[in-house]
file structure-v2.txt (compact mmCIF, C-alpha atoms)
# COMPACT_ATOMS: atom_id res chain seq x y z
CA SER A 1 128.32 -15.13 -149.02
CA HIS A 2 130.21 -18.21 -150.22
CA VAL A 3 128.60 -17.92 -153.66
CA LEU A 4 129.43 -14.21 -153.88
CA ARG A 5 133.04 -14.88 -152.86
CA ILE A 6 133.35 -17.42 -155.68
CA ILE A 7 131.83 -14.95 -158.15
CA LEU A 8 134.25 -12.19 -157.12
CA GLN A 9 137.21 -14.54 -157.53
CA LYS A 10 136.05 -16.15 -160.78
CA ARG A 11 135.34 -12.79 -162.44
CA ASN A 12 138.66 -11.48 -161.16
CA TRP A 13 136.90 -8.38 -159.80
CA LEU A 14 139.21 -8.23 -156.79
CA ALA A 15 142.07 -7.37 -159.12
CA LEU A 16 140.28 -4.13 -160.13
CA LYS A 17 140.78 -0.73 -158.53
CA PHE A 18 138.39 -0.14 -155.63
CA SER A 19 136.46 2.61 -157.48
CA HIS A 20 136.01 0.39 -160.56
CA LEU A 21 135.00 -2.52 -158.38
CA LEU A 22 132.27 -0.44 -156.69
CA LEU A 23 130.82 0.56 -160.05
CA ARG A 24 130.39 -3.13 -160.85
CA PHE A 25 129.38 -4.45 -157.47
CA LEU A 26 126.69 -1.87 -156.55
CA PRO A 27 124.32 -2.74 -159.41
CA PHE A 28 125.26 -6.40 -159.04
CA SER A 29 124.36 -6.39 -155.32
CA PHE A 30 120.92 -4.83 -155.91
CA LEU A 31 120.23 -7.17 -158.80
CA SER A 32 121.20 -10.13 -156.62
CA ALA A 33 119.03 -8.80 -153.77
CA THR A 34 116.04 -8.50 -156.13
CA VAL A 35 116.51 -12.10 -157.30
CA ILE A 36 116.92 -13.35 -153.71
CA GLN A 37 113.77 -11.56 -152.49
CA SER A 38 111.75 -12.69 -155.50
CA ILE A 39 112.68 -16.32 -154.87
CA GLN A 40 112.02 -15.97 -151.14
CA PHE A 41 108.53 -14.49 -151.60
CA ALA A 42 107.75 -17.00 -154.36
CA ILE A 43 108.58 -19.86 -152.00
CA THR A 44 106.59 -18.46 -149.04
CA SER A 45 103.64 -17.37 -151.25
CA SER A 46 103.07 -14.51 -148.82
CA PRO A 47 101.30 -11.40 -150.16
CA ILE A 48 103.52 -8.33 -150.06
CA SER A 49 103.18 -4.76 -151.18
CA THR A 50 105.48 -3.17 -153.72
CA SER A 51 106.87 -0.77 -151.12
CA ASN A 52 107.71 -3.62 -148.73
CA PHE A 53 109.29 -5.60 -151.56
CA PHE A 54 111.63 -2.73 -152.38
CA LEU A 55 112.27 -2.18 -148.67
CA TYR A 56 113.34 -5.80 -148.16
CA THR A 57 115.33 -5.73 -151.40
CA GLY A 58 117.18 -2.60 -150.28
CA TYR A 59 117.88 -4.16 -146.89
CA THR A 60 119.25 -7.35 -148.51
CA GLY A 61 121.33 -5.30 -150.97
CA ALA A 62 122.78 -3.24 -148.12
CA ASN A 63 123.71 -6.44 -146.26
CA LEU A 64 125.44 -7.73 -149.37
CA GLN A 65 127.40 -4.49 -149.68
CA VAL A 66 128.46 -4.57 -146.02
CA TRP A 67 129.59 -8.15 -146.47
CA PHE A 68 131.42 -7.17 -149.64
CA LEU A 69 133.25 -4.28 -147.92
CA CYS A 70 134.28 -6.51 -145.01
CA TYR A 71 135.47 -9.23 -147.36
CA TYR A 72 137.28 -6.78 -149.66
CA PHE A 73 139.26 -5.14 -146.86
CA TYR A 74 140.02 -8.56 -145.35
CA TRP A 75 141.21 -9.83 -148.76
CA ASN A 76 143.20 -6.64 -149.39
CA SER A 77 144.90 -6.96 -145.99
CA LYS A 78 145.77 -10.59 -146.73
CA GLN A 79 147.23 -9.66 -150.10
CA LYS A 80 149.46 -7.01 -148.50
CA GLN A 81 150.66 -9.55 -145.96
CA LEU A 82 151.39 -12.07 -148.72
CA LYS A 83 153.34 -9.48 -150.71
CA GLU A 84 155.40 -8.60 -147.65
CA LEU A 85 156.10 -12.28 -147.05
CA GLU A 86 157.08 -12.68 -150.71
CA LYS A 87 159.47 -9.72 -150.41
CA LEU A 88 161.02 -11.21 -147.28
CA GLU A 89 161.30 -14.61 -148.94
CA LEU A 90 162.84 -13.07 -152.04
CA ALA A 91 165.31 -11.11 -149.92
CA LYS A 92 166.20 -14.31 -148.06
CA ARG A 93 166.68 -16.14 -151.34
CA LEU A 94 168.87 -13.29 -152.60
CA GLN A 95 171.10 -13.50 -149.52
CA GLU A 96 171.35 -17.26 -149.92
CA ALA A 97 172.10 -16.82 -153.61
CA GLU A 98 174.85 -14.30 -152.91
CA LEU A 99 176.38 -16.61 -150.32
CA ASN A 100 176.18 -19.48 -152.78
CA VAL A 101 177.77 -17.53 -155.62
CA LEU A 102 181.26 -18.46 -154.50
CA LYS A 103 180.28 -22.03 -153.67
CA SER A 104 178.57 -22.60 -157.01
CA GLN A 105 180.88 -20.62 -159.26
CA ILE A 106 184.29 -21.69 -157.89
CA ASN A 107 183.75 -25.18 -159.21
CA PRO A 108 186.47 -27.38 -157.68
CA HIS A 109 186.41 -29.70 -160.70
CA PHE A 110 186.88 -26.76 -163.05
CA LEU A 111 189.82 -25.41 -161.02
CA PHE A 112 191.40 -28.86 -160.72
CA ASN A 113 191.10 -29.50 -164.47
CA ALA A 114 192.29 -25.98 -165.37
CA LEU A 115 195.40 -26.26 -163.18
CA ASN A 116 196.24 -29.71 -164.54
CA ASN A 117 195.76 -28.48 -168.10
CA ILE A 118 197.98 -25.46 -167.46
CA ARG A 119 200.62 -27.73 -165.95
CA SER A 120 200.64 -29.77 -169.15
CA LEU A 121 201.17 -26.59 -171.14
CA VAL A 122 204.24 -25.51 -169.18
CA ARG A 123 206.56 -27.71 -171.28
CA LEU A 124 204.62 -27.66 -174.55
CA ASP A 125 203.78 -23.96 -174.72
CA PRO A 126 205.25 -21.90 -171.83
CA GLU A 127 203.93 -18.59 -173.21
CA LYS A 128 200.36 -19.90 -173.41
CA ALA A 129 200.72 -21.43 -169.95
CA ARG A 130 201.72 -18.03 -168.47
CA HIS A 131 198.76 -16.45 -170.23
CA MET A 132 196.36 -19.05 -168.81
CA ILE A 133 197.78 -18.59 -165.29
CA THR A 134 196.94 -14.89 -165.61
CA ASN A 135 193.45 -15.84 -166.80
CA ILE A 136 192.73 -18.14 -163.88
CA SER A 137 194.11 -15.56 -161.45
CA ASP A 138 191.83 -12.84 -162.89
CA PHE A 139 188.91 -15.27 -162.92
CA ILE A 140 189.27 -16.16 -159.22
CA ARG A 141 189.75 -12.50 -158.26
CA TYR A 142 186.59 -11.59 -160.17
CA ILE A 143 184.58 -14.26 -158.36
CA LEU A 144 185.85 -13.12 -154.97
CA ASP A 145 184.91 -9.52 -155.81
CA ALA A 146 181.47 -10.60 -157.07
CA GLY A 147 180.18 -11.04 -153.53
CA THR A 148 180.93 -7.38 -152.74
CA GLN A 149 179.52 -5.75 -155.91
CA LYS A 150 175.85 -5.28 -156.64
CA ASN A 151 176.35 -4.56 -160.33
CA ILE A 152 179.05 -4.27 -162.97
CA LEU A 153 179.36 -3.24 -166.60
CA LEU A 154 178.29 -5.86 -169.10
CA SER A 155 181.69 -5.43 -170.78
CA GLU A 156 183.42 -6.54 -167.54
CA GLU A 157 181.23 -9.63 -167.33
CA LEU A 158 181.96 -10.53 -170.95
CA HIS A 159 185.68 -10.15 -170.33
CA ILE A 160 185.64 -12.74 -167.54
CA VAL A 161 183.41 -15.02 -169.67
CA ASP A 162 186.06 -14.83 -172.40
CA GLN A 163 188.77 -15.80 -169.89
CA TYR A 164 186.65 -18.68 -168.60
CA LEU A 165 186.09 -20.03 -172.11
CA MET A 166 189.81 -19.82 -172.91
CA LEU A 167 190.56 -21.88 -169.79
CA GLU A 168 187.94 -24.46 -170.80
CA SER A 169 189.32 -24.55 -174.35
CA ILE A 170 192.55 -26.11 -173.03
CA GLN A 171 190.54 -29.20 -172.05
CA TYR A 172 187.99 -29.34 -174.86
CA GLY A 173 190.15 -28.02 -177.70
CA GLU A 174 188.46 -27.84 -181.10
CA ARG A 175 185.35 -29.58 -179.77
CA MET A 176 184.34 -26.26 -178.19
CA GLN A 177 183.33 -23.77 -180.86
CA VAL A 178 182.87 -20.28 -179.40
CA GLN A 179 180.99 -17.42 -181.05
CA MET A 180 180.50 -13.94 -179.58
CA GLU A 181 177.95 -11.58 -181.15
CA VAL A 182 178.06 -8.52 -178.94
CA ASN A 183 176.37 -5.25 -179.86
CA GLU A 184 178.62 -2.42 -178.72
CA SER A 185 175.62 -0.37 -177.54
CA THR A 186 175.03 -2.99 -174.80
CA LEU A 187 178.52 -2.87 -173.26
CA ASN A 188 177.80 0.03 -170.88
CA ARG A 189 174.68 -1.57 -169.41
CA ARG A 190 174.96 -2.70 -165.79
CA ILE A 191 174.00 -6.17 -164.58
CA PRO A 192 174.62 -8.19 -161.39
CA PRO A 193 178.00 -10.01 -161.53
CA MET A 194 178.25 -13.68 -162.52
CA VAL A 195 175.02 -13.66 -164.54
CA ILE A 196 176.31 -14.37 -168.04
CA GLN A 197 179.16 -16.42 -166.53
CA LEU A 198 176.66 -18.74 -164.83
CA LEU A 199 174.72 -19.22 -168.09
CA VAL A 200 177.92 -19.94 -170.03
CA GLU A 201 179.15 -22.39 -167.38
CA ASN A 202 175.75 -24.08 -167.54
CA ALA A 203 176.02 -24.28 -171.34
CA VAL A 204 179.51 -25.84 -171.16
CA LYS A 205 178.40 -28.34 -168.52
CA HIS A 206 175.26 -29.50 -170.31
CA GLY A 207 176.61 -29.12 -173.83
CA LEU A 208 180.19 -30.42 -173.86
CA GLY A 209 179.71 -32.58 -170.80
CA LYS A 210 177.14 -34.83 -172.51
CA THR A 211 178.69 -35.56 -175.90
CA ASP A 212 181.98 -36.26 -177.66
CA GLN A 213 180.86 -34.23 -180.68
CA PRO A 214 181.73 -30.56 -181.38
CA VAL A 215 179.53 -28.16 -179.42
CA LEU A 216 178.73 -24.55 -180.15
CA ILE A 217 178.81 -22.06 -177.26
CA LYS A 218 177.40 -18.75 -178.43
CA VAL A 219 176.89 -15.50 -176.51
CA LYS A 220 174.73 -12.74 -178.02
CA THR A 221 173.81 -9.31 -176.70
CA HIS A 222 171.59 -6.84 -178.54
CA LEU A 223 168.84 -4.29 -178.09
CA LYS A 224 165.35 -5.11 -179.31
CA ASN A 225 162.01 -3.40 -178.63
CA GLU A 226 163.52 -1.22 -175.89
CA LYS A 227 164.95 -4.29 -174.16
CA LEU A 228 168.46 -5.54 -173.55
CA ASN A 229 168.61 -9.13 -174.76
CA ILE A 230 171.32 -11.51 -173.55
CA GLU A 231 171.34 -14.98 -175.09
CA VAL A 232 173.59 -17.93 -174.30
CA ILE A 233 173.19 -20.74 -176.81
CA ASN A 234 174.67 -24.23 -176.77
CA THR A 235 174.35 -27.34 -178.90
CA GLY A 236 172.06 -29.97 -177.33
CA ARG A 237 168.55 -30.46 -175.98
CA ILE A 238 166.91 -30.24 -172.57
CA LYS A 239 164.47 -33.02 -171.81
CA LYS A 240 162.07 -30.90 -169.78
CA GLN A 241 161.07 -27.42 -170.93
CA THR A 242 161.29 -24.93 -168.05
CA SER A 243 161.19 -21.19 -167.49
CA GLU A 244 163.82 -21.13 -164.73
CA GLY A 245 165.77 -24.39 -164.70
CA GLY A 246 167.73 -25.81 -161.75
CA ILE A 247 168.85 -24.37 -158.44
CA GLY A 248 171.69 -22.32 -159.90
CA LEU A 249 169.40 -20.69 -162.47
CA LYS A 250 166.69 -20.07 -159.85
CA ASN A 251 169.29 -18.24 -157.75
CA LEU A 252 170.15 -16.19 -160.83
CA VAL A 253 166.48 -15.32 -161.35
CA GLY A 254 166.16 -14.30 -157.68
CA ARG A 255 169.15 -11.97 -157.92
CA MET A 256 167.93 -10.42 -161.17
CA LYS A 257 164.44 -9.84 -159.76
CA MET A 258 165.89 -8.05 -156.76
CA PHE A 259 167.90 -5.80 -159.07
CA PHE A 260 165.39 -5.20 -161.90
CA GLY A 261 162.00 -6.17 -160.42
CA GLU A 262 159.30 -6.71 -163.06
CA SER A 263 161.55 -5.19 -165.77
CA PHE A 264 163.36 -8.51 -166.08
CA SER A 265 162.46 -11.88 -167.63
CA PHE A 266 164.31 -15.16 -168.09
CA SER A 267 163.68 -18.31 -170.10
CA ILE A 268 165.58 -21.41 -171.16
CA LYS A 269 164.23 -23.65 -173.89
CA ASN A 270 165.01 -25.88 -176.85
CA THR A 271 165.47 -23.93 -180.08
CA GLU A 272 166.04 -24.75 -183.75
CA ASN A 273 169.17 -26.41 -185.14
CA ASN A 274 169.50 -28.70 -182.10
CA THR A 275 170.31 -25.89 -179.67
CA VAL A 276 169.28 -24.74 -176.20
CA THR A 277 168.88 -21.00 -175.65
CA ALA A 278 168.90 -19.21 -172.30
CA THR A 279 167.52 -15.69 -172.69
CA ILE A 280 167.58 -12.68 -170.36
CA GLN A 281 165.54 -9.61 -171.23
CA ILE A 282 165.82 -6.30 -169.38
CA LEU A 283 164.00 -3.05 -170.12
CA GLN A 284 166.45 -0.35 -171.17
CA ASN A 285 165.19 2.15 -168.57
CA ALA A 286 165.37 -0.41 -165.72
call {"tool": "encode", "arguments": {"input": "structure-v2.txt", "output": "structure tokens"}}
result
Amino acid sequence: SHVLRIILQKRNWLALKFSHLLLRFLPFSFLSATVIQSIQFAITSSPISTSNFFLYTGYTGANLQVWFLCYYFYWNSKQKQLKELEKLELAKRLQEAELNVLKSQINPHFLFNALNNIRSLVRLDPEKARHMITNISDFIRYILDAGTQKNILLSEELHIVDQYLMLESIQYGERMQVQMEVNESTLNRRIPPMVIQLLVENAVKHGLGKTDQPVLIKVKTHLKNEKLNIEVINTGRIKKQTSEGGIGLKNLVGRMKMFFGESFSFSIKNTENNTVTATIQILQNA
């Protein structure tokens, strides 16, 4: 039984539909029974009639099939339990992620720097200072509302990203080079709040925060092969290639999976021209 269990797992037969699995296992069980009986009678050297040989072979094959059925239903039951546990774990992670949205996104250092930078503008450029105060007010209001909304228009998310980048530009000035390549056909798509914002904040932190040189922050949205593609690109390199990244990005992945299921994918990797690209792909009909 141990050998058969290994064979079932190695051949990936348990991933097949039950009807397809039976079509493979029935002939396999009788072939195995024939081999087992042949070896057994060869070892014992006992004379046996053809009818008895087939009788014993059929009995051994039937035992194998009973074992197989018991093991299959046991394995199937275990898989269902594991899936339920995964759903519960994912739901728990989602709740934790939603609770951490405010903690992670209202970065005290960002707010402190933004307020200090705005204060310095009050004398130099009062009109710009008033504009930035409006920006930071809208930004904080958006974050507070994010915990109560399951999804928003992509256009709304991009608007708050634009306000965030304007606030950061006070500190980084010309060192922060921003490019937005947004396909208008993507603006009415709905996504969970704070998704692009988190990727952009991550790009600013790991791009501008690690060099004194000019850094490109680029946001792209487009449709390709029936998928919505969202890309956030920044100058720099990541030392370790990863599909999900740190805790903040793992929370993002958990939220997106709860919203889109298997219709969603995420990656972050080094790309050409000394850049790092974080990519979200979502099926259009998701």
call {"tool": "closest_residue", "arguments": {"input": "structure-v2.txt", "among": "A:Ile140, A:Val182, A:Leu88, A:Ala278", "to": "Phe110 (chain A)", "atoms": "only C-alpha atoms"}}
result
A:Ile140
call {"tool": "atom_distance", "arguments": {"input": "structure-v2.txt", "atom1": "CA of Gln213 (chain A)", "atom2": "CA of Leu199 (chain A)"}}
result
20.5 Å
call {"tool": "closest_residue", "arguments": {"input": "structure-v2.txt", "among": "A:Arg237, A:Arg190, A:His109, A:Lys224", "to": "Ala203 (chain A)", "atoms": "only C-alpha atoms"}}
result
A:Arg237
call {"tool": "closest_residue", "arguments": {"input": "structure-v2.txt", "among": "A:Val122, A:Ile196, A:Leu283, A:Val215", "to": "Glu156 (chain A)", "atoms": "only C-alpha atoms"}}
result
A:Ile196
call {"tool": "residues_around", "arguments": {"input": "structure-v2.txt", "residues": "Ser185 (chain A)", "least_positions_apart": "5", "cutoff": "10 Å", "atoms": "only C-alpha atoms", "output": "list in words"}}
result
Thr221, His222, Leu223 and Leu228 of chain A
call {"tool": "atom_distance", "arguments": {"input": "structure-v2.txt", "atom1": "CA of Leu111 (chain A)", "atom2": "CA of Asn151 (chain A)"}}
result
24.8 Å
call {"tool": "atom_distance", "arguments": {"input": "structure-v2.txt", "atom1": "CA of Ile170 (chain A)", "atom2": "CA of Gly207 (chain A)"}}
result
16.2 Å
call {"tool": "residues_around", "arguments": {"input": "structure-v2.txt", "residues": "Gln163 (chain A)", "least_positions_apart": "5", "cutoff": "8 Å", "atoms": "only C-alpha atoms", "output": "PyMOL selection string"}}
result
chain A and resi 135-136+139
call {"tool": "closest_residue", "arguments": {"input": "structure-v2.txt", "among": "A:Ile43, A:Gln149, A:Gln171, A:Lys227", "to": "Leu121 (chain A)", "atoms": "only C-alpha atoms"}}
result
A:Gln171
call {"tool": "closest_residue", "arguments": {"input": "structure-v2.txt", "among": "A:Pro27, A:Pro193, A:Gly236, A:Gly58", "to": "Thr275 (chain A)", "atoms": "all atoms listed in the file"}}
result
A:Gly236
call {"tool": "closest_residue", "arguments": {"input": "structure-v2.txt", "among": "A:Gln197, A:Ser77, A:Thr186, A:Asn116", "to": "Glu157 (chain A)", "atoms": "all atoms listed in the file"}}
result
A:Gln197
call {"tool": "residues_around", "arguments": {"input": "structure-v2.txt", "residues": "Glu181 (chain A)", "least_positions_apart": "6", "cutoff": "8 Å", "atoms": "only C-alpha atoms", "output": "list in words"}}
result
Lys218, Val219, Lys220 and Thr221 of chain A
call {"tool": "write_last_selection", "arguments": {"input": "structure-v2.txt", "atoms": "C-alpha atoms", "output": "compact mmCIF listing (two decimals), in the frame of the given file"}}
result
# COMPACT_ATOMS: atom_id res chain seq x y z
CA LYS A 218 177.40 -18.75 -178.43
CA VAL A 219 176.89 -15.50 -176.51
CA LYS A 220 174.73 -12.74 -178.02
CA THR A 221 173.81 -9.31 -176.70
